[in-house]
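**Student:** Provided herewith is a single structure, encoded as structure tokens, for subsequent inquiry.
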Amino acid sequence: MRTTRVFDLANRLAVAAGARARVRLRPGGYLVEVSLPAGLTEEQELAVLAVLAAADRCGHRYSAAAEKVWAEFDEEREQQQ
């Protein structure tokens, strides 16, 4: 089931980060993930954080190859929306 809240956040996150957001179905919900481009401005970073605050859970992954942010949504909460 596609939810408006998940895809709205994915779109807003893509705009804020200036990169493509990916939405994946995961056991029990949805995962939205974006690889952050190098050189984000402070305003862009704050915009990304503001968008992530709307998720059920969010986080950041950093490796030598990439820097990513992610947001998770619980399917149970999405069906109540």
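Lettering and numbering for the structure tokens are positional, with chains as A, B, ... in the shown order, residues counted from 1 in each chain, and ligands counted from 1 in the shown order.
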Give me the residues within 12 Å of Glu45 of chain A as JSON, numbers by chain, counting only C-alpha atoms and dropping any in the same chain fewer than 2 places off.
**Tutor:** {"A": [13, 15, 16, 17, 18, 36, 37, 38, 39, 40, 41, 42, 43, 47, 48, 49, 50, 51, 52, 69]}
**Student:** Could you give me, as a PyMOL selection string, each residue of chain A that DSSP assigns to strand (DSSP E or B) when run on this structure's backbone?
**Tutor:** chain A and resi 21-26+29-35+57-62+67-74
**Student:** Excluding Pro27 of chain A and its own-chain neighbours fewer than 3 positions away, which residues fall within 10 Å of it when counting only C-alpha atoms? Please give them as an MDAnalysis selection string.
**Tutor:** chainID A and resid 24 30:31 74:75
**Student:** Keeping only all heavy atoms, write those residues as a short mmCIF file (atom, residue, chain, number, x, y, z; two decimals), in the first residue's frame.
**Tutor:**
data_model
loop_
_atom_site.label_atom_id
_atom_site.label_comp_id
_atom_site.auth_asym_id
_atom_site.auth_seq_id
_atom_site.Cartn_x
_atom_site.Cartn_y
_atom_site.Cartn_z
N ARG A 24 11.45 2.18 -0.26
CA ARG A 24 11.46 0.71 -0.27
C ARG A 24 10.48 0.20 0.77
O ARG A 24 10.33 0.78 1.84
CB ARG A 24 12.84 0.18 0.07
CG ARG A 24 13.87 0.55 -0.94
CD ARG A 24 15.20 -0.04 -0.60
NE ARG A 24 16.18 0.45 -1.56
CZ ARG A 24 17.46 0.43 -1.37
NH1 ARG A 24 17.94 -0.05 -0.26
NH2 ARG A 24 18.27 0.90 -2.28
N TYR A 30 7.95 1.11 5.70
CA TYR A 30 8.60 1.70 4.54
C TYR A 30 9.91 2.35 4.95
O TYR A 30 10.05 2.85 6.06
CB TYR A 30 7.71 2.79 3.92
CG TYR A 30 6.35 2.27 3.54
CD1 TYR A 30 5.31 2.26 4.46
CD2 TYR A 30 6.11 1.78 2.27
CE1 TYR A 30 4.06 1.77 4.12
CE2 TYR A 30 4.86 1.28 1.92
CZ TYR A 30 3.84 1.29 2.85
OH TYR A 30 2.62 0.79 2.51
N LEU A 31 10.86 2.38 4.01
CA LEU A 31 12.15 3.04 4.22
C LEU A 31 12.35 4.03 3.09
O LEU A 31 12.19 3.69 1.92
CB LEU A 31 13.28 2.00 4.20
CG LEU A 31 14.70 2.55 4.22
CD1 LEU A 31 15.01 3.21 5.55
CD2 LEU A 31 15.70 1.44 3.92
N ASP A 74 6.24 3.19 10.00
CA ASP A 74 5.59 1.94 10.38
C ASP A 74 4.29 1.78 9.60
O ASP A 74 3.48 2.70 9.53
CB ASP A 74 5.28 1.92 11.88
CG ASP A 74 6.54 1.93 12.72
OD1 ASP A 74 7.56 1.37 12.26
OD2 ASP A 74 6.51 2.50 13.82
N GLU A 75 4.11 0.60 9.01
CA GLU A 75 2.91 0.33 8.21
C GLU A 75 1.64 0.50 9.04
O GLU A 75 0.64 1.04 8.57
CB GLU A 75 2.98 -1.09 7.64
CG GLU A 75 1.87 -1.41 6.69
CD GLU A 75 2.06 -2.75 6.02
OE1 GLU A 75 2.79 -3.60 6.55
OE2 GLU A 75 1.48 -2.93 4.94
#
**Student:** Nearest to Ser63 of chain A: which of A:Thr4, A:Gly29, A:Glu76, A:Ser35 is it, counting only C-alpha atoms?
**Tutor:** A:Ser35
**Student:** Enumerate as a ChimeraX atom specification all residues of chain A assigned to helix (DSSP H, G or I) by DSSP on the backbone, naming them with the chain letters and numbers the document uses.
**Tutor:** /A:4-17,42-52,75-80
**Student:** Work out how far apart atom CA of Ala64 of chain A and atom CA of Leu9 of chain A are and give it in Å to one decimal.
**Tutor:**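 Answer for the atom CA of Ala64 of chain A to atom CA of Leu9 of chain A separation: 26.5 Å.
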**Student:** Between atom CA of Asp56 of chain A and atom CA of Lys68 of chain A, what distance in Å does the model show, to one decimal?
**Tutor:**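 Atom CA of Lys68 of chain A lies at a distance of 17.2 Å from atom CA of Asp56 of chain A.
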**Student:** Within 7 Å of Ala71 of chain A, counting only C-alpha atoms, which residues qualify if same-chain residues fewer than 6 places away don't, as a count of residues only?
**Tutor:** 8
**Student:** Which is closest to Ala10 of chain A among A:Arg61, A:Leu25, A:Trp70, A:Leu46, if we use only C-alpha atoms?
**Tutor:**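 Under the stated criterion, the closest residue is A:Trp70.
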**Student:** So how many Å separate atom CA of Ala54 of chain A and atom CA of Arg22 of chain A, to one decimal?
**Tutor:** 16.5 Å
**Student:** Return the single residue from A:Arg20, A:Ala65, A:Phe7, A:Phe73 that is closest to Ala53 of chain A, with distances computed using only C-alpha atoms.
**Tutor:**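 With only C-alpha atoms as the atom set, the closest residue is A:Phe73.
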